[in-house]
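Engineer: The structure file final14.txt (compact mmCIF, C-alpha atoms) is provided below.
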```
# COMPACT_ATOMS: atom_id res chain seq x y z
CA MET A 1 -45.65 -69.03 36.99
CA HIS A 2 -45.25 -65.34 36.19
CA ARG A 3 -41.80 -63.73 36.27
CA GLU A 4 -40.88 -60.27 35.11
CA PHE A 5 -37.39 -59.36 33.93
CA ALA A 6 -36.25 -55.76 34.24
CA VAL A 7 -35.46 -53.81 31.09
CA PRO A 8 -32.98 -50.99 31.77
CA PRO A 9 -34.31 -47.50 31.07
CA PRO A 10 -33.03 -45.78 27.94
CA ASP A 11 -30.63 -42.86 28.16
CA LEU A 12 -32.95 -39.95 28.95
CA ARG A 13 -30.63 -37.35 27.44
CA TRP A 14 -31.37 -38.68 23.95
CA LEU A 15 -35.03 -39.41 24.60
CA ILE A 16 -35.64 -35.84 25.71
CA LEU A 17 -33.36 -34.17 23.16
CA VAL A 18 -34.82 -35.77 20.01
CA PRO A 19 -38.52 -34.96 20.70
CA ALA A 20 -37.56 -31.49 21.99
CA LEU A 21 -35.68 -30.72 18.78
CA GLY A 22 -38.63 -31.99 16.74
CA LEU A 23 -41.01 -29.83 18.74
CA ILE A 24 -38.81 -26.76 18.31
CA ALA A 25 -38.50 -27.37 14.56
CA GLY A 26 -42.27 -27.73 14.30
CA LEU A 27 -42.85 -24.53 16.26
CA VAL A 28 -40.44 -22.61 14.04
CA GLY A 29 -42.27 -23.90 10.95
CA ILE A 30 -45.63 -22.97 12.42
CA ALA A 31 -44.35 -19.50 13.38
CA PHE A 32 -43.30 -18.82 9.79
CA GLY A 33 -46.62 -20.05 8.40
CA ALA A 34 -48.68 -18.30 11.07
CA ARG A 35 -47.59 -14.89 9.84
CA GLU A 36 -49.97 -15.34 6.93
CA GLU A 37 -52.46 -17.78 8.50
CA PRO A 38 -52.80 -17.25 12.30
CA ARG A 39 -54.97 -20.37 12.70
CA LEU A 40 -51.85 -22.47 12.14
CA TRP A 41 -51.00 -21.94 15.83
CA LEU A 42 -53.75 -24.49 16.54
CA MET A 43 -51.40 -27.13 15.08
CA THR A 44 -49.23 -26.81 18.19
CA ILE A 45 -51.86 -28.72 20.17
CA PRO A 46 -51.78 -32.02 18.23
CA MET A 47 -48.02 -31.69 17.73
CA THR A 48 -47.43 -31.35 21.48
CA LEU A 49 -49.81 -34.25 22.19
CA LEU A 50 -47.93 -36.42 19.71
CA VAL A 51 -44.58 -35.69 21.38
CA LEU A 52 -46.10 -36.48 24.80
CA LEU A 53 -47.56 -39.74 23.49
CA MET A 54 -44.19 -40.78 22.07
CA SER A 55 -42.53 -40.00 25.40
CA LEU A 56 -45.07 -42.10 27.29
CA LEU A 57 -44.80 -45.05 24.89
CA VAL A 58 -41.03 -45.23 25.36
CA ARG A 59 -41.64 -45.85 29.07
CA ARG A 60 -43.71 -48.92 28.18
CA ARG A 61 -41.22 -51.79 28.10
CA ARG A 62 -41.60 -55.18 29.70
CA VAL A 63 -40.35 -58.75 29.38
CA THR A 64 -42.28 -61.45 31.24
CA LEU A 65 -42.26 -65.21 31.31
CA GLU A 66 -45.70 -66.69 31.90
CA HIS A 67 -45.88 -70.48 32.09
CA ASP A 68 -44.38 -71.51 28.73
CA SER A 69 -44.73 -68.15 26.93
CA LEU A 70 -42.37 -65.22 26.66
CA HIS A 71 -44.19 -61.87 26.49
CA ILE A 72 -42.27 -58.85 25.17
CA ARG A 73 -43.69 -55.34 25.14
CA GLY A 74 -41.74 -52.34 23.88
CA SER A 75 -43.44 -49.05 23.15
CA MET A 76 -46.53 -49.94 21.08
CA HIS A 77 -44.93 -53.13 19.73
CA GLY A 78 -45.20 -56.54 21.28
CA ARG A 79 -44.52 -60.19 20.72
CA ILE A 80 -45.59 -63.41 22.41
CA LEU A 81 -43.58 -66.58 21.82
CA ARG A 82 -43.78 -70.06 23.21
CA VAL A 83 -40.51 -71.20 24.75
CA ALA A 84 -40.54 -74.24 22.43
CA GLU A 85 -40.16 -71.84 19.44
CA LEU A 86 -36.75 -70.69 20.70
CA ASP A 87 -33.41 -72.35 20.00
CA LEU A 88 -32.01 -71.97 23.52
CA ALA A 89 -28.82 -73.90 22.72
CA ALA A 90 -27.75 -71.09 20.36
CA ALA A 91 -28.78 -68.25 22.69
CA ARG A 92 -26.07 -65.95 23.97
CA ILE A 93 -25.48 -62.67 25.73
CA VAL A 94 -23.75 -60.11 23.51
CA ASP A 95 -22.38 -56.61 23.56
CA LEU A 96 -23.53 -54.90 20.36
CA ALA A 97 -20.35 -52.83 20.32
CA GLU A 98 -18.50 -56.07 19.56
CA ALA A 99 -21.21 -58.09 17.78
CA THR A 100 -21.80 -55.49 15.06
CA ALA A 101 -23.61 -57.97 12.76
CA LEU A 102 -26.47 -58.06 15.28
CA ARG A 103 -27.07 -54.32 15.37
CA PRO A 104 -30.43 -53.10 14.02
CA LEU A 105 -30.03 -51.61 10.55
CA PHE A 106 -33.45 -51.15 8.91
CA LYS A 107 -36.70 -50.63 10.78
CA THR A 108 -39.50 -52.60 9.14
CA PHE A 109 -42.17 -51.84 11.76
CA GLY A 110 -41.03 -50.34 14.99
CA THR A 111 -39.84 -47.39 17.03
CA SER A 112 -36.28 -46.19 16.66
CA MET A 113 -34.70 -43.32 18.53
CA PRO A 114 -31.16 -42.85 19.78
CA GLY A 115 -30.84 -45.24 22.74
CA PHE A 116 -34.16 -46.99 22.14
CA HIS A 117 -35.20 -49.54 19.50
CA ALA A 118 -38.38 -51.61 19.71
CA GLY A 119 -40.22 -53.61 17.09
CA HIS A 120 -39.36 -55.47 13.90
CA PHE A 121 -35.97 -54.75 12.32
CA ARG A 122 -33.49 -56.08 9.79
CA LEU A 123 -30.09 -56.55 11.36
CA ARG A 124 -26.74 -55.70 9.75
CA ASP A 125 -26.34 -59.36 8.75
CA ARG A 126 -29.72 -58.97 6.92
CA SER A 127 -31.57 -61.36 9.25
CA ARG A 128 -34.96 -60.42 10.71
CA ALA A 129 -35.40 -59.73 14.40
CA PHE A 130 -37.79 -58.40 17.00
CA VAL A 131 -35.79 -56.08 19.23
CA LEU A 132 -36.19 -54.27 22.53
CA ILE A 133 -32.87 -52.50 22.98
CA THR A 134 -32.20 -49.80 25.55
CA ASP A 135 -28.65 -50.76 26.56
CA ARG A 136 -26.33 -52.17 23.89
CA SER A 137 -23.87 -53.66 26.39
CA LYS A 138 -26.11 -56.45 27.76
CA VAL A 139 -28.31 -57.91 25.04
CA LEU A 140 -29.75 -61.41 25.11
CA MET A 141 -29.85 -62.85 21.59
CA LEU A 142 -32.47 -65.60 21.30
CA PRO A 143 -32.73 -67.31 17.91
CA GLU A 144 -36.11 -68.63 16.91
CA ARG A 145 -36.45 -72.01 15.23
CA GLY A 146 -37.99 -70.28 12.20
CA GLY A 147 -34.84 -68.23 11.53
CA ARG A 148 -35.77 -64.93 13.16
CA ARG A 149 -34.10 -63.58 16.29
CA LEU A 150 -35.03 -61.77 19.47
CA LEU A 151 -32.67 -59.13 20.84
CA LEU A 152 -33.54 -58.03 24.36
CA SER A 153 -31.78 -55.55 26.63
CA LEU A 154 -32.14 -56.78 30.17
CA GLU A 155 -30.59 -55.84 33.49
CA LYS A 156 -29.94 -59.54 34.17
CA PRO A 157 -29.99 -61.37 30.82
CA GLN A 158 -28.59 -64.60 32.30
CA ALA A 159 -31.59 -64.79 34.66
CA LEU A 160 -34.02 -64.88 31.71
CA LEU A 161 -31.90 -67.42 29.85
CA ASP A 162 -31.79 -69.67 32.94
CA ALA A 163 -35.56 -69.34 33.41
CA LEU A 164 -36.23 -70.18 29.74
CA GLN A 165 -33.99 -73.25 29.98
CA ALA A 166 -35.77 -74.36 33.15
CA VAL A 167 -39.13 -74.05 31.40
CA ALA A 168 -37.80 -75.95 28.40
CA GLY A 169 -36.54 -78.72 30.70
CA GLN A 170 -32.90 -78.16 29.85
CA SER A 171 -30.06 -77.75 32.30
CA PRO A 172 -28.90 -74.13 32.57
CA ARG A 173 -25.80 -73.22 30.55
CA ARG A 174 -22.99 -71.29 32.23
```
Please render this file's structure as structure tokens.
Structural biologist:
Amino acid sequence: MHREFAVPPPDLRWLILVPALGLIAGLVGIAFGAREEPRLWLMTIPMTLLVLLMSLLVRRRRVTLEHDSLHIRGSMHGRILRVAELDLAAARIVDLAEATALRPLFKTFGTSMPGFHAGHFRLRDRSRAFVLITDRSKVLMLPERGGRRLLLSLEKPQALLDALQAVAGQSPRR
């Protein structure tokens, strides 16, 4: 069994604005330095490639359920978990505007831009989590039996929760 669950796209206004501002700031810095050292203009090539790479990696986001494993891919970060490692009885769908304790606070190893968070984070309640957040209004919070959490933005979070419960042999919660 292989099922894919759609992750909503991040708000493109922020994902274009932040790299564009970084690129402009870098170009201004290079322009000032290039007055004395013209070869500095060559730095625009790797800088532009880096911004393009970041833009492409943000498009890479996927949540799939394969047999008894949950595969999460966000940007260059990923996680594979067996369904048995999840505490599905405590899982819930949250709006991060209301559940402020579950918002990502510190990035330990991940990608964080306005409207897009992927990777390993500390949450506001100081717990550890692997997150893939593009839309804060529909986030599936899946606690792991080891104490960590998964926070996943999905277009249909209840569909993933139902599928996980079916794999685990539990009756779906409504």
Engineer: For the contact check between stretch 137-165 of chain A and stretch 76-96 of chain A, emit one row per residue of stretch 137-165 of chain A within 6 Å, containing the shortest atom pair and the distance in Å rounded to one decimal, counting only C-alpha atoms, chain then rising number order, as a tab-separated table.
Structural biologist:
```
residue	atom	partner	partner_atom	distance
A:Ser137	CA	A:Asp95	CA	4.4
A:Lys138	CA	A:Asp95	CA	5.6
A:Val139	CA	A:Val94	CA	5.3
A:Leu140	CA	A:Ile93	CA	4.5
A:Met141	CA	A:Arg92	CA	5.4
A:Leu142	CA	A:Ala91	CA	4.8
A:Pro143	CA	A:Asp87	CA	5.5
A:Glu144	CA	A:Leu86	CA	4.4
A:Arg145	CA	A:Glu85	CA	5.6
```
Engineer: Please compute the atom CA of A:Met43-atom CA of A:Gly26 distance, one decimal, in Å.
Structural biologist: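 Taking atom CA of A:Met43 and atom CA of A:Gly26, their separation equals 9.2 Å.
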Engineer: Measuring between only C-alpha atoms, which one of A:His117, A:Arg103, A:Arg35, A:Arg148 shows the shortest distance to A:Gly74?
Structural biologist: A:His117
Engineer: Which neighbours of stretch 118-132 of chain A fall inside 12 Å, counting all atoms listed in the file, when residues of the same chain fewer than 3 positions from it are skipped, and could you give them as number ranges by chain?
Structural biologist: A: 6-10, 57-63, 71-81, 96, 99-115, 135-136, 138-144, 146-154
Engineer: Find the spatial neighbours of A:Gly169, counting only C-alpha atoms, within a cut-off of 12 Å - ignore same-chain residues fewer than 2 positions away - and output them as a PyMOL selection string.
Structural biologist: chain A and resi 68+83-84+88+162-167+171-172
Engineer: For each of A:Gln158, A:Thr134, A:Leu49, A:His67, take the minimum atom-to-atom distance to A:Phe116, counting all atoms listed in the file, then give the residue where this is smallest.
Structural biologist: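 Once distances to A:Phe116 are computed over all atoms listed in the file, the minimum belongs to A:Thr134.
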Engineer: Kindly give the distance, in Å, that separates atom CA of A:Leu42 and atom CA of A:Ile30, rounded to a single decimal.
Structural biologist: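 Separation of atom CA of A:Leu42 and atom CA of A:Ile30: 9.2 Å.
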Engineer: Please, could N, CA and C atoms be added to stretch 108-144 of chain A and the result written as a short mmCIF file (atom, residue, chain, number, x, y, z; two decimals), in the coordinates of the input?
Structural biologist:
```cif
data_model
loop_
_atom_site.label_atom_id
_atom_site.label_comp_id
_atom_site.auth_asym_id
_atom_site.auth_seq_id
_atom_site.Cartn_x
_atom_site.Cartn_y
_atom_site.Cartn_z
N THR A 108 -38.40 -52.20 10.01
CA THR A 108 -39.50 -52.60 9.14
C THR A 108 -40.85 -52.21 9.75
N PHE A 109 -40.98 -52.33 11.05
CA PHE A 109 -42.17 -51.84 11.76
C PHE A 109 -41.78 -51.71 13.22
N GLY A 110 -41.48 -50.50 13.63
CA GLY A 110 -41.03 -50.34 14.99
C GLY A 110 -40.81 -48.88 15.34
N THR A 111 -40.18 -48.70 16.51
CA THR A 111 -39.84 -47.39 17.03
C THR A 111 -38.33 -47.35 17.15
N SER A 112 -37.73 -46.31 16.60
CA SER A 112 -36.28 -46.19 16.66
C SER A 112 -35.90 -44.76 16.98
N MET A 113 -35.23 -44.62 18.10
CA MET A 113 -34.70 -43.32 18.53
C MET A 113 -33.31 -43.60 19.08
N PRO A 114 -32.46 -42.60 19.18
CA PRO A 114 -31.16 -42.85 19.78
C PRO A 114 -31.31 -43.43 21.19
N GLY A 115 -30.76 -44.60 21.43
CA GLY A 115 -30.84 -45.24 22.74
C GLY A 115 -32.07 -46.08 22.96
N PHE A 116 -32.95 -46.20 21.98
CA PHE A 116 -34.16 -46.99 22.14
C PHE A 116 -34.61 -47.54 20.78
N HIS A 117 -34.70 -48.87 20.70
CA HIS A 117 -35.20 -49.54 19.50
C HIS A 117 -36.19 -50.60 19.96
N ALA A 118 -37.37 -50.61 19.38
CA ALA A 118 -38.38 -51.61 19.71
C ALA A 118 -39.19 -51.91 18.46
N GLY A 119 -39.42 -53.20 18.22
CA GLY A 119 -40.22 -53.61 17.09
C GLY A 119 -39.48 -54.54 16.16
N HIS A 120 -39.92 -54.57 14.92
CA HIS A 120 -39.36 -55.47 13.90
C HIS A 120 -38.30 -54.74 13.10
N PHE A 121 -37.11 -55.35 12.99
CA PHE A 121 -35.97 -54.75 12.32
C PHE A 121 -35.26 -55.78 11.46
N ARG A 122 -34.49 -55.29 10.50
CA ARG A 122 -33.49 -56.08 9.79
C ARG A 122 -32.16 -55.74 10.45
N LEU A 123 -31.38 -56.77 10.73
CA LEU A 123 -30.09 -56.55 11.36
C LEU A 123 -29.03 -56.32 10.29
N ARG A 124 -27.83 -55.95 10.70
CA ARG A 124 -26.74 -55.70 9.75
C ARG A 124 -26.38 -56.94 8.94
N ASP A 125 -26.61 -58.13 9.51
CA ASP A 125 -26.34 -59.36 8.75
C ASP A 125 -27.54 -59.74 7.87
N ARG A 126 -28.52 -58.84 7.75
CA ARG A 126 -29.72 -58.97 6.92
C ARG A 126 -30.76 -59.94 7.47
N SER A 127 -30.56 -60.48 8.66
CA SER A 127 -31.57 -61.36 9.25
C SER A 127 -32.67 -60.50 9.87
N ARG A 128 -33.82 -61.12 10.11
CA ARG A 128 -34.96 -60.42 10.71
C ARG A 128 -34.95 -60.64 12.21
N ALA A 129 -35.40 -59.62 12.94
CA ALA A 129 -35.40 -59.73 14.40
C ALA A 129 -36.48 -58.84 14.99
N PHE A 130 -36.96 -59.26 16.16
CA PHE A 130 -37.79 -58.40 17.00
C PHE A 130 -36.86 -57.93 18.11
N VAL A 131 -36.75 -56.62 18.28
CA VAL A 131 -35.79 -56.08 19.23
C VAL A 131 -36.48 -55.22 20.28
N LEU A 132 -35.88 -55.21 21.46
CA LEU A 132 -36.19 -54.27 22.53
C LEU A 132 -34.84 -53.91 23.13
N ILE A 133 -34.23 -52.86 22.60
CA ILE A 133 -32.87 -52.50 22.98
C ILE A 133 -32.86 -51.11 23.61
N THR A 134 -32.40 -51.06 24.86
CA THR A 134 -32.20 -49.80 25.55
C THR A 134 -30.76 -49.64 26.01
N ASP A 135 -30.05 -50.75 26.14
CA ASP A 135 -28.65 -50.76 26.56
C ASP A 135 -27.92 -51.77 25.68
N ARG A 136 -27.00 -51.30 24.86
CA ARG A 136 -26.33 -52.17 23.89
C ARG A 136 -25.28 -53.09 24.52
N SER A 137 -24.95 -52.88 25.79
CA SER A 137 -23.87 -53.66 26.39
C SER A 137 -24.33 -55.02 26.91
N LYS A 138 -25.59 -55.18 27.25
CA LYS A 138 -26.11 -56.45 27.76
C LYS A 138 -27.37 -56.83 27.00
N VAL A 139 -27.18 -57.54 25.89
CA VAL A 139 -28.31 -57.91 25.04
C VAL A 139 -28.37 -59.43 24.95
N LEU A 140 -29.53 -59.97 25.25
CA LEU A 140 -29.75 -61.41 25.11
C LEU A 140 -30.25 -61.67 23.70
N MET A 141 -29.49 -62.49 22.95
CA MET A 141 -29.85 -62.85 21.59
C MET A 141 -30.46 -64.25 21.64
N LEU A 142 -31.74 -64.33 21.30
CA LEU A 142 -32.47 -65.60 21.30
C LEU A 142 -32.90 -65.92 19.87
N PRO A 143 -32.28 -66.92 19.25
CA PRO A 143 -32.73 -67.31 17.91
C PRO A 143 -34.02 -68.11 17.98
N GLU A 144 -34.89 -67.86 17.01
CA GLU A 144 -36.11 -68.63 16.91
C GLU A 144 -35.86 -69.79 15.95
#
```
